[in-house]
Amino acid sequence: MQPYADRAEAGRELAAALALRRWERPVVLALPRGGVPVAVEVARALHAPLDLLIVRKIGAPGQPELAVAAVARLGEDRLPQLVTDAEMMRRTGAGRDWVEQGQQRELGEIARRRRQYLRGRAAVPLQGCTAIVVDDGLATGTTARAAVLALRHGVPAPTRIVLAVPVASAQAAAALAREVDELVCLWQPPLFHAVGAHYRDFRQVEDAQVTALLTPFATAAPQA
């Protein structure tokens, strides 16, 4: 399989696979920022509402890009969900206090991003829906797991949780398949180095792009 041209192409291919299924009242939840261009294509194909499930990783001491935990929150009225990597915490010396401080910091960033991206739009109701969580790929799966737990323990929780990605490591896919009702992954490369290695264009998605992509969905009526 050849690398995807960009996230939009990956989203169209993922959307084609998802459109073959028949789920009750699908709602697409993007993991920003990279998951948004993918999720937009899915929401269009399924004629489904689109919302955000914002997840922030908590980096290791002195290594901010190395995740020791992740926190997710769907909306201000939902409790946050924290996922920790005990082995990575041990290896990097990140204690519970470090993670707690990181969680409080990242919850503030989650609130800021939701305000910026959605401009006060209320969260899409999930009761009785199939929540389809979409990202541009899974490397370790830590952030996706936090997102899934936020849905599982939210009130009210969706009827069904689907995780859909264009590409994933075999290890992450196997771990996340146990956490969701269904995993849809188009590609599990035998040699997986990083998500970006499987895209020709993997430039960073900027805040302004996220806001622009979400704007057409702001006035979309929820499904009955």
# chains A, B, ... in the order shown; residues from 1 in each chain; ligands from 1
$ residues_around --residues "Arg90 (chain A)" --least-positions-apart "4" --cutoff "12 Å" --atoms "only C-alpha atoms" --output "count of residues only"
10
$ select_by_dssp --residues "region 12-212 of chain A" --states "strand (DSSP E or B)" --output "number ranges by chain"
A: 26-30, 50-52, 54-60, 63-73, 81-84, 130-134, 138, 160-168, 182-187, 199
$ closest_atom_pairs --of "region 39-98 of chain A" --to "region 124-139 of chain A" --cutoff "9 Å" --atoms "only C-alpha atoms" --output "tab-separated table"
residue	atom	partner	partner_atom	distance
A:Ala39	CA	A:Val134	CA	5.6
A:Val42	CA	A:Val134	CA	8.4
A:Pro49	CA	A:Val124	CA	7.3
A:Leu50	CA	A:Val124	CA	7.7
A:Asp51	CA	A:Val124	CA	6.4
A:Leu53	CA	A:Val133	CA	7.9
$ closest_residue --among "A:Glu24, A:Gly34, A:Leu74, A:Ala67" --to "Tyr199 (chain A)" --atoms "only C-alpha atoms"
A:Gly34
$ select_by_dssp --residues "region 75-198 of chain A" --states "alpha helix (DSSP H)" --output "JSON, numbers by chain"
{"A": [86, 87, 88, 89, 90, 91, 92, 96, 97, 98, 99, 100, 101, 102, 103, 104, 105, 106, 107, 108, 109, 110, 111, 112, 113, 114, 115, 116, 117, 118, 142, 143, 144, 145, 146, 147, 148, 149, 150, 151, 152, 170, 171, 172, 173, 174, 175, 176, 177]}
$ write_last_selection --atoms "C-alpha atoms" --output "tab-separated table (two decimals), in the first residue's frame"
chain	number	residue	atom	x	y	z
A	86	ALA	CA	2.89	3.42	34.17
A	87	GLU	CA	5.99	2.02	32.47
A	88	MET	CA	6.81	5.33	30.78
A	89	MET	CA	6.27	7.19	34.04
A	90	ARG	CA	8.71	4.87	35.78
A	91	ARG	CA	11.33	5.17	33.04
A	92	THR	CA	11.19	8.97	32.90
A	96	ARG	CA	1.79	11.45	40.19
A	97	ASP	CA	2.34	15.11	41.09
A	98	TRP	CA	3.91	15.73	37.67
A	99	VAL	CA	0.95	14.11	35.92
A	100	GLU	CA	-1.58	15.99	38.06
A	101	GLN	CA	0.04	19.32	37.28
A	102	GLY	CA	0.13	18.42	33.62
A	103	GLN	CA	-3.53	17.43	33.69
A	104	GLN	CA	-4.61	20.78	35.11
A	105	ARG	CA	-2.52	22.63	32.54
A	106	GLU	CA	-3.84	20.62	29.62
A	107	LEU	CA	-7.47	20.89	30.76
A	108	GLY	CA	-7.04	24.64	30.43
A	109	GLU	CA	-5.71	24.17	26.90
A	110	ILE	CA	-8.60	21.84	26.04
A	111	ALA	CA	-11.10	24.49	27.15
A	112	ARG	CA	-9.28	27.17	25.14
A	113	ARG	CA	-9.24	25.08	22.00
A	114	ARG	CA	-12.90	24.17	22.24
A	115	ARG	CA	-13.82	27.85	22.58
A	116	GLN	CA	-11.59	28.80	19.67
A	117	TYR	CA	-12.61	26.01	17.31
A	118	LEU	CA	-16.33	25.81	18.06
A	142	THR	CA	-2.50	6.61	24.35
A	143	THR	CA	-4.48	9.65	23.22
A	144	ALA	CA	-7.14	7.57	21.48
A	145	ARG	CA	-7.58	5.47	24.63
A	146	ALA	CA	-8.16	8.61	26.69
A	147	ALA	CA	-10.75	9.72	24.15
A	148	VAL	CA	-12.56	6.38	24.29
A	149	LEU	CA	-12.60	6.38	28.10
A	150	ALA	CA	-14.04	9.89	28.09
A	151	LEU	CA	-16.91	8.57	25.98
A	152	ARG	CA	-17.36	5.39	28.01
A	170	ALA	CA	-0.33	-3.36	14.89
A	171	GLN	CA	0.34	-3.02	18.61
A	172	ALA	CA	-1.88	0.04	19.02
A	173	ALA	CA	-4.64	-1.46	16.87
A	174	ALA	CA	-4.70	-4.65	18.93
A	175	ALA	CA	-4.81	-2.73	22.22
A	176	LEU	CA	-7.54	-0.32	21.11
A	177	ALA	CA	-9.69	-3.04	19.56
$ closest_residue --among "A:Val27, A:Ile161, A:Leu214, A:Ala17" --to "Arg119 (chain A)" --atoms "only C-alpha atoms"
A:Leu214
$ closest_residue --among "A:Arg33, A:Gln2, A:Arg21, A:Arg7" --to "Val162 (chain A)" --atoms "only C-alpha atoms"
A:Arg21
$ atom_distance --atom1 "CA of Ala16 (chain A)" --atom2 "CA of Ala30 (chain A)"
17.0 Å
$ residues_around --residues "Leu213 (chain A)" --least-positions-apart "3" --cutoff "9 Å" --atoms "only C-alpha atoms" --output "PyMOL selection string"
chain A and resi 36-37+40+208-210+216-217
$ write_last_selection --atoms "N, CA and C atoms" --output "PDB file, in the first residue's frame"
ATOM      1  N   VAL A  36      -8.998  16.212  12.302  1.00  0.00           N
ATOM      2  CA  VAL A  36     -10.122  16.983  11.772  1.00  0.00           C
ATOM      3  C   VAL A  36     -10.267  16.866  10.250  1.00  0.00           C
ATOM      4  N   PRO A  37      -9.200  17.056   9.451  1.00  0.00           N
ATOM      5  CA  PRO A  37      -9.377  16.903   7.999  1.00  0.00           C
ATOM      6  C   PRO A  37      -9.848  15.507   7.592  1.00  0.00           C
ATOM      7  N   VAL A  40     -13.735  15.263   8.687  1.00  0.00           N
ATOM      8  CA  VAL A  40     -14.632  16.050   7.837  1.00  0.00           C
ATOM      9  C   VAL A  40     -15.122  15.207   6.664  1.00  0.00           C
ATOM     10  N   ALA A 208      -6.376  27.826  12.550  1.00  0.00           N
ATOM     11  CA  ALA A 208      -7.285  28.476  11.605  1.00  0.00           C
ATOM     12  C   ALA A 208      -7.899  27.467  10.640  1.00  0.00           C
ATOM     13  N   GLN A 209      -7.132  26.457  10.259  1.00  0.00           N
ATOM     14  CA  GLN A 209      -7.649  25.424   9.360  1.00  0.00           C
ATOM     15  C   GLN A 209      -8.723  24.600  10.053  1.00  0.00           C
ATOM     16  N   VAL A 210      -8.500  24.276  11.320  1.00  0.00           N
ATOM     17  CA  VAL A 210      -9.500  23.522  12.072  1.00  0.00           C
ATOM     18  C   VAL A 210     -10.810  24.294  12.133  1.00  0.00           C
ATOM     19  N   PRO A 216     -18.717  24.788   8.326  1.00  0.00           N
ATOM     20  CA  PRO A 216     -19.923  24.305   7.633  1.00  0.00           C
ATOM     21  C   PRO A 216     -20.804  23.387   8.484  1.00  0.00           C
ATOM     22  N   PHE A 217     -20.248  22.821   9.535  1.00  0.00           N
ATOM     23  CA  PHE A 217     -21.018  21.906  10.380  1.00  0.00           C
ATOM     24  C   PHE A 217     -21.692  22.625  11.541  1.00  0.00           C
TER      25      PHE A 217
END
$ closest_residue --among "A:Ala212, A:Val38, A:Gly93, A:Leu20" --to "Gln63 (chain A)" --atoms "only C-alpha atoms"
A:Gly93
$ atom_distance --atom1 "CA of Phe202 (chain A)" --atom2 "CA of Ala8 (chain A)"
10.6 Å
$ closest_residue --among "A:Glu179, A:Leu163, A:Val83, A:Gly141" --to "Ala194 (chain A)" --atoms "only C-alpha atoms"
A:Gly141
$ atom_distance --atom1 "CA of Ala45 (chain A)" --atom2 "CA of Leu18 (chain A)"
8.5 Å
$ residues_around --residues "Gln188 (chain A)" --least-positions-apart "4" --cutoff "7 Å" --atoms "only C-alpha atoms" --output "PyMOL selection string"
chain A and resi 167-170
